[in-house]
2 protein chains.
Amino acid sequence: MPKIKPGKNASKKDVIVKNAAFLFKTKGYSSASMRELAEVVGVEAPSLYNYIGSKSELLQAICFKVAGVFTNYLDSIEAAAGNHIQSLENIIRFHIRMMLNNFNEVYVANHEWKHLKEPYLSNFLNQRRIYEKRLIDIIEQGILTNEFKNKNPYVSVLTILSALRGLEFWQQHKKNISSRVLEDDMVNHLLNGITK
Amino acid sequence: MPKIKPGKNASKKDVIVKNAAFLFKTKGYSSASMRELAEVVGVEAPSLYNYIGSKSELLQAICFKVAGVFTNYLDSIEAAAGNHIQSLENIIRFHIRMMLNNFNEVYVANHEWKHLKEPYLSNFLNQRRIYEKRLIDIIEQGILTNEFKNKNPYVSVLTILSALRGLEFWQQHKKNISSRVLEDDMVNHLLNGITK
DNA sequence: TTCAAAAACTAATAAGCGTTAGTTTTGTAA
DNA sequence: TTACAAAACTAACGCTTATTAGTTTTTGAA
């Protein structure tokens, strides 16, 4: 029986990755040490290498897992019926929930990707570029169907994605506002603005 | 005559800080080494210590300079006349311009502050908290005067500030869209939404 | 109980870090 | 030209880093 206790459906490597996500988020990838990670996991540092290849591999696992989840959701949205406003709203809500429920991993993917090594760095950036392009397409189509104002769609996507990423600051304020109000108000703001 | 050439109005220390901002942005505070900084500045690493006290001091200088600029602008806005929509629009435009014209410093203040040491860390976070509170007050007053929808003002501020911070991704796309279009479309989106 | 594999450990390596000490070079003013 | 201070240098310290090597312990099945 290993000392690193795997959960019911989580392998030992999964446990390490999960703790790494927390550490990378809290201290940043470069400042987080393998010795610290080992301590959190409850083991000596060299023992980690029975499960992983390198520190860098941990960052890769986190970043690409998150990227995959978002890409998969976008696939399902494009496969489903619905007008472009509904699609965009669903995507926004999915981002918000991912931020609230998988904070550590999403944060790391958003902020620490720059420490990825090649060719993973290029891969990751490419995947993100494609994702943004698909969102731009949705907005462009929505402009054609007269659902959206005729504004630069890249600016719109940038604004929306950035606002969503900012939910990382939400973590400290959870108590004061329900996540339902947060989600609804944020969707409404990004779609309809705040002026009367 | 020192080898580190000061500009017309920039002291030698200013030159070091400016290059540090670029490095901290590019590689992250922890990954950026004093030896790298020295190379960019054109000097050996120990020579830097004729001008600065420590690496940490560089981060402090950058973070608090940026914080001061934003606080000063908010002071001037609150001192000036104008309804709350105009105030908010001016603030948004100021953020956008700061992002475009002082990218390195603003980026570092936004992303690397967590590596500040106490008591500077607490100071910085406190200053940011106060800044956010003042923005919330503007929106709350605008709700009372019927300028803004009655949505949670913290969520609004979070959404706006996050969207603005996201302009860091703008840097690569400068060529395709003029910064005037960017500014106008973004202000319009954040105030009035994108739906028709 | 035996045995092989998995998983933990200790010890150590080479590299890089911020920073200090001590010394030499450079620039300027008398 | 001399002399002083500013600013550069080289060398090194003490520490931390990710990672490897080699060894011992633990585990689960035969």
# chains A, B, ... in the order shown; residues from 1 in each chain; ligands from 1

$ calpha_fit_and_write --fixed "chain B" --moving "chain A" --output "mmCIF file with C-alpha atoms, in the first residue's frame"
data_model
loop_
_atom_site.group_PDB
_atom_site.id
_atom_site.type_symbol
_atom_site.label_atom_id
_atom_site.label_comp_id
_atom_site.auth_asym_id
_atom_site.auth_seq_id
_atom_site.Cartn_x
_atom_site.Cartn_y
_atom_site.Cartn_z
ATOM 1 C CA MET A 1 30.731 59.196 -16.248
ATOM 2 C CA PRO A 2 28.829 56.063 -15.297
ATOM 3 C CA LYS A 3 28.409 53.218 -17.771
ATOM 4 C CA ILE A 4 24.689 53.081 -17.068
ATOM 5 C CA LYS A 5 23.486 55.981 -19.140
ATOM 6 C CA PRO A 6 20.677 57.905 -17.550
ATOM 7 C CA GLY A 7 18.151 59.486 -19.921
ATOM 8 C CA LYS A 8 17.419 63.175 -19.911
ATOM 9 C CA ASN A 9 15.021 63.017 -16.999
ATOM 10 C CA ALA A 10 15.644 59.470 -15.806
ATOM 11 C CA SER A 11 18.107 58.655 -13.072
ATOM 12 C CA LYS A 12 20.266 55.572 -13.283
ATOM 13 C CA LYS A 13 17.948 53.841 -10.887
ATOM 14 C CA ASP A 14 15.031 54.662 -13.163
ATOM 15 C CA VAL A 15 16.787 52.901 -16.019
ATOM 16 C CA ILE A 16 17.254 49.816 -13.873
ATOM 17 C CA VAL A 17 13.633 49.846 -12.729
ATOM 18 C CA LYS A 18 12.374 50.204 -16.280
ATOM 19 C CA ASN A 19 14.390 47.224 -17.466
ATOM 20 C CA ALA A 20 13.345 45.261 -14.414
ATOM 21 C CA ALA A 21 9.705 45.874 -15.306
ATOM 22 C CA PHE A 22 10.300 44.463 -18.760
ATOM 23 C CA LEU A 23 12.093 41.417 -17.369
ATOM 24 C CA PHE A 24 9.587 40.757 -14.594
ATOM 25 C CA LYS A 25 6.766 40.961 -17.114
ATOM 26 C CA THR A 26 8.468 38.678 -19.613
ATOM 27 C CA LYS A 27 9.794 35.959 -17.333
ATOM 28 C CA GLY A 28 7.972 36.537 -14.067
ATOM 29 C CA TYR A 29 9.575 37.954 -10.945
ATOM 30 C CA SER A 30 10.939 34.671 -9.622
ATOM 31 C CA SER A 31 12.359 33.508 -12.930
ATOM 32 C CA ALA A 32 14.008 36.808 -13.727
ATOM 33 C CA SER A 33 17.522 36.900 -12.342
ATOM 34 C CA MET A 34 19.640 39.830 -11.308
ATOM 35 C CA ARG A 35 22.304 38.593 -13.701
ATOM 36 C CA GLU A 36 19.859 38.857 -16.564
ATOM 37 C CA LEU A 37 18.818 42.299 -15.474
ATOM 38 C CA ALA A 38 22.450 43.336 -15.276
ATOM 39 C CA GLU A 39 23.072 42.083 -18.784
ATOM 40 C CA VAL A 40 20.136 44.043 -20.161
ATOM 41 C CA VAL A 41 21.350 47.143 -18.359
ATOM 42 C CA GLY A 42 24.878 46.529 -19.600
ATOM 43 C CA VAL A 43 26.715 45.922 -16.354
ATOM 44 C CA GLU A 44 27.778 43.114 -14.010
ATOM 45 C CA ALA A 45 25.214 41.983 -11.478
ATOM 46 C CA PRO A 46 26.883 43.267 -8.308
ATOM 47 C CA SER A 47 27.118 46.757 -9.812
ATOM 48 C CA LEU A 48 23.350 47.025 -9.667
ATOM 49 C CA TYR A 49 23.628 47.180 -5.902
ATOM 50 C CA ASN A 50 25.269 50.571 -6.154
ATOM 51 C CA TYR A 51 21.818 51.876 -7.057
ATOM 52 C CA ILE A 52 19.305 49.534 -5.494
ATOM 53 C CA GLY A 53 19.002 47.735 -2.204
ATOM 54 C CA SER A 54 17.610 44.432 -3.378
ATOM 55 C CA LYS A 55 15.664 42.648 -6.080
ATOM 56 C CA SER A 56 12.579 42.917 -3.938
ATOM 57 C CA GLU A 57 12.964 46.692 -3.806
ATOM 58 C CA LEU A 58 12.631 46.812 -7.580
ATOM 59 C CA LEU A 59 9.288 45.054 -7.427
ATOM 60 C CA GLN A 60 8.129 47.439 -4.726
ATOM 61 C CA ALA A 61 9.107 50.466 -6.794
ATOM 62 C CA ILE A 62 7.159 49.212 -9.803
ATOM 63 C CA CYS A 63 4.030 48.173 -7.938
ATOM 64 C CA PHE A 64 3.667 51.302 -5.863
ATOM 65 C CA LYS A 65 4.444 53.647 -8.725
ATOM 66 C CA VAL A 66 1.582 52.154 -10.719
ATOM 67 C CA ALA A 67 -0.758 52.149 -7.735
ATOM 68 C CA GLY A 68 0.027 55.814 -7.138
ATOM 69 C CA VAL A 69 -0.746 56.849 -10.694
ATOM 70 C CA PHE A 70 -4.167 55.218 -10.631
ATOM 71 C CA THR A 71 -4.982 56.637 -7.227
ATOM 72 C CA ASN A 72 -3.999 60.127 -8.331
ATOM 73 C CA TYR A 73 -6.195 59.921 -11.388
ATOM 74 C CA LEU A 74 -9.141 58.811 -9.320
ATOM 75 C CA ASP A 75 -8.561 61.819 -7.057
ATOM 76 C CA SER A 76 -8.760 64.152 -10.042
ATOM 77 C CA ILE A 77 -11.916 62.486 -11.338
ATOM 78 C CA GLU A 78 -13.666 62.836 -8.007
ATOM 79 C CA ALA A 79 -12.606 66.460 -7.779
ATOM 80 C CA ALA A 80 -13.995 67.239 -11.232
ATOM 81 C CA ALA A 81 -17.606 67.801 -12.202
ATOM 82 C CA GLY A 82 -19.510 65.266 -14.276
ATOM 83 C CA ASN A 83 -22.185 62.623 -13.894
ATOM 84 C CA HIS A 84 -21.323 59.092 -12.861
ATOM 85 C CA ILE A 85 -21.436 57.657 -16.347
ATOM 86 C CA GLN A 86 -18.886 60.211 -17.475
ATOM 87 C CA SER A 87 -16.685 59.510 -14.477
ATOM 88 C CA LEU A 88 -16.754 55.803 -15.128
ATOM 89 C CA GLU A 89 -16.074 56.270 -18.814
ATOM 90 C CA ASN A 90 -13.085 58.487 -18.060
ATOM 91 C CA ILE A 91 -11.701 55.951 -15.634
ATOM 92 C CA ILE A 92 -12.104 53.151 -18.146
ATOM 93 C CA ARG A 93 -10.354 55.181 -20.819
ATOM 94 C CA PHE A 94 -7.537 56.012 -18.440
ATOM 95 C CA HIS A 95 -7.046 52.343 -17.630
ATOM 96 C CA ILE A 96 -6.919 51.474 -21.312
ATOM 97 C CA ARG A 97 -4.324 54.138 -22.042
ATOM 98 C CA MET A 98 -2.213 53.156 -19.075
ATOM 99 C CA MET A 99 -2.313 49.588 -20.299
ATOM 100 C CA LEU A 100 -1.220 50.592 -23.784
ATOM 101 C CA ASN A 101 1.415 53.154 -22.796
ATOM 102 C CA ASN A 102 2.904 51.649 -19.637
ATOM 103 C CA PHE A 103 2.383 48.025 -20.350
ATOM 104 C CA ASN A 104 5.368 46.532 -18.551
ATOM 105 C CA GLU A 105 4.843 48.341 -15.279
ATOM 106 C CA VAL A 106 1.088 47.843 -15.194
ATOM 107 C CA TYR A 107 1.467 44.180 -16.045
ATOM 108 C CA VAL A 108 3.933 43.643 -13.224
ATOM 109 C CA ALA A 109 1.715 45.471 -10.750
ATOM 110 C CA ASN A 110 -1.216 43.318 -11.851
ATOM 111 C CA HIS A 111 0.527 39.960 -11.832
ATOM 112 C CA GLU A 112 3.672 39.934 -9.743
ATOM 113 C CA TRP A 113 2.516 41.788 -6.633
ATOM 114 C CA LYS A 114 2.161 38.488 -4.824
ATOM 115 C CA HIS A 115 5.946 38.312 -4.548
ATOM 116 C CA LEU A 116 6.066 41.511 -2.524
ATOM 117 C CA LYS A 117 7.320 41.047 1.006
ATOM 118 C CA GLU A 118 5.597 42.268 4.111
ATOM 119 C CA PRO A 119 4.685 44.905 4.988
ATOM 120 C CA TYR A 120 4.604 45.995 1.346
ATOM 121 C CA LEU A 121 2.323 43.170 0.352
ATOM 122 C CA SER A 122 -0.351 44.187 2.849
ATOM 123 C CA ASN A 123 0.109 47.818 1.919
ATOM 124 C CA PHE A 124 -0.376 47.134 -1.740
ATOM 125 C CA LEU A 125 -3.445 44.973 -1.263
ATOM 126 C CA ASN A 126 -4.930 47.554 1.038
ATOM 127 C CA GLN A 127 -4.389 50.291 -1.508
ATOM 128 C CA ARG A 128 -6.059 48.186 -4.169
ATOM 129 C CA ARG A 129 -8.971 47.395 -1.908
ATOM 130 C CA ILE A 130 -9.538 51.080 -1.264
ATOM 131 C CA TYR A 131 -9.357 51.834 -4.971
ATOM 132 C CA GLU A 132 -11.997 49.228 -5.712
ATOM 133 C CA LYS A 133 -14.173 50.568 -2.928
ATOM 134 C CA ARG A 134 -14.082 54.029 -4.446
ATOM 135 C CA LEU A 135 -15.165 52.633 -7.813
ATOM 136 C CA ILE A 136 -17.984 50.775 -6.112
ATOM 137 C CA ASP A 137 -19.103 54.025 -4.526
ATOM 138 C CA ILE A 138 -19.251 55.724 -7.905
ATOM 139 C CA ILE A 139 -21.460 52.965 -9.280
ATOM 140 C CA GLU A 140 -23.672 52.934 -6.203
ATOM 141 C CA GLN A 141 -24.244 56.662 -6.551
ATOM 142 C CA GLY A 142 -24.951 56.187 -10.239
ATOM 143 C CA ILE A 143 -27.613 53.650 -9.354
ATOM 144 C CA LEU A 144 -29.239 56.165 -7.011
ATOM 145 C CA THR A 145 -29.315 58.800 -9.748
ATOM 146 C CA ASN A 146 -30.824 56.217 -12.097
ATOM 147 C CA GLU A 147 -27.815 56.238 -14.416
ATOM 148 C CA PHE A 148 -26.962 52.593 -13.867
ATOM 149 C CA LYS A 149 -29.022 49.434 -13.571
ATOM 150 C CA ASN A 150 -29.570 48.165 -10.072
ATOM 151 C CA LYS A 151 -27.057 45.323 -10.215
ATOM 152 C CA ASN A 152 -24.538 44.340 -7.597
ATOM 153 C CA PRO A 153 -21.906 47.077 -7.841
ATOM 154 C CA TYR A 154 -19.055 44.868 -6.722
ATOM 155 C CA VAL A 155 -19.748 42.498 -9.580
ATOM 156 C CA SER A 156 -19.770 45.468 -11.950
ATOM 157 C CA VAL A 157 -16.430 46.738 -10.722
ATOM 158 C CA LEU A 158 -14.946 43.266 -10.838
ATOM 159 C CA THR A 159 -16.163 42.819 -14.392
ATOM 160 C CA ILE A 160 -14.843 46.162 -15.565
ATOM 161 C CA LEU A 161 -11.441 45.971 -13.884
ATOM 162 C CA SER A 162 -10.919 42.420 -15.058
ATOM 163 C CA ALA A 163 -11.832 43.231 -18.623
ATOM 164 C CA LEU A 164 -9.393 46.134 -18.562
ATOM 165 C CA ARG A 165 -6.612 44.024 -17.149
ATOM 166 C CA GLY A 166 -7.147 41.637 -20.004
ATOM 167 C CA LEU A 167 -5.767 44.234 -22.380
ATOM 168 C CA GLU A 168 -2.420 42.599 -21.786
ATOM 169 C CA PHE A 169 -3.441 40.183 -24.531
ATOM 170 C CA TRP A 170 -3.986 43.112 -26.787
ATOM 171 C CA GLN A 171 -0.288 43.716 -27.284
ATOM 172 C CA GLN A 172 0.062 41.081 -29.986
ATOM 173 C CA HIS A 173 -2.890 42.329 -32.005
ATOM 174 C CA LYS A 174 -2.087 46.016 -32.078
ATOM 175 C CA LYS A 175 -1.637 46.077 -35.819
ATOM 176 C CA ASN A 176 -5.056 44.858 -36.850
ATOM 177 C CA ILE A 177 -7.213 47.343 -34.960
ATOM 178 C CA SER A 178 -6.509 50.950 -34.082
ATOM 179 C CA SER A 179 -6.295 51.721 -30.409
ATOM 180 C CA ARG A 180 -9.095 54.232 -30.956
ATOM 181 C CA VAL A 181 -11.493 51.514 -32.082
ATOM 182 C CA LEU A 182 -10.346 49.347 -29.215
ATOM 183 C CA GLU A 183 -10.976 52.061 -26.683
ATOM 184 C CA ASP A 184 -14.372 53.064 -28.033
ATOM 185 C CA ASP A 185 -15.661 49.534 -28.524
ATOM 186 C CA MET A 186 -14.481 48.433 -25.122
ATOM 187 C CA VAL A 187 -16.020 51.418 -23.348
ATOM 188 C CA ASN A 188 -19.249 50.831 -25.206
ATOM 189 C CA HIS A 189 -19.267 47.141 -24.373
ATOM 190 C CA LEU A 190 -18.636 47.671 -20.679
ATOM 191 C CA LEU A 191 -21.228 50.431 -20.386
ATOM 192 C CA ASN A 192 -23.921 49.335 -22.836
ATOM 193 C CA GLY A 193 -23.339 45.642 -23.571
ATOM 194 C CA ILE A 194 -23.177 43.950 -26.930
ATOM 195 C CA THR A 195 -26.788 42.874 -27.503
ATOM 196 C CA LYS A 196 -29.040 45.059 -29.644
#

$ closest_atom_pairs --of "chain D" --to "chain A" --cutoff "8 Å" --atoms "only C-alpha atoms (C1' of nucleotides)" --output "Markdown table"
| residue | atom | partner | partner_atom | distance |
| --- | --- | --- | --- | --- |
| D:DT17 | C1' | A:Ser33 | CA | 7.7 |
| D:DA18 | C1' | A:Met34 | CA | 7.5 |
| D:DT19 | C1' | A:Pro46 | CA | 7.9 |
| D:DT26 | C1' | A:Met1 | CA | 7.1 |
| D:DT27 | C1' | A:Met1 | CA | 5.4 |

$ residues_around --residues "DC13 (chain D)" --least-positions-apart "4" --cutoff "12 Å" --atoms "only C-alpha atoms (C1' of nucleotides)" --output "ChimeraX atom specification"
/C:17-21

$ atom_distance --atom1 "C1' of DT25 (chain C)" --atom2 "C1' of DA8 (chain D)"
6.7 Å

$ atom_distance --atom1 "C1' of DA29 (chain D)" --atom2 "C1' of DA5 (chain C)"
10.9 Å

$ atom_distance --atom1 "C1' of DG28 (chain D)" --atom2 "C1' of DT1 (chain C)"
13.2 Å

$ closest_residue --among "C:DT23, C:DA29, C:DG16, C:DT2" --to "chain B" --atoms "only C-alpha atoms (C1' of nucleotides)"
C:DG16

$ select_by_dssp --residues "chain B" --states "alpha helix (DSSP H)" --output "ChimeraX atom specification"
/B:12-27,34-41,55-79,84-101,103-111,120-144,153-165,179-192
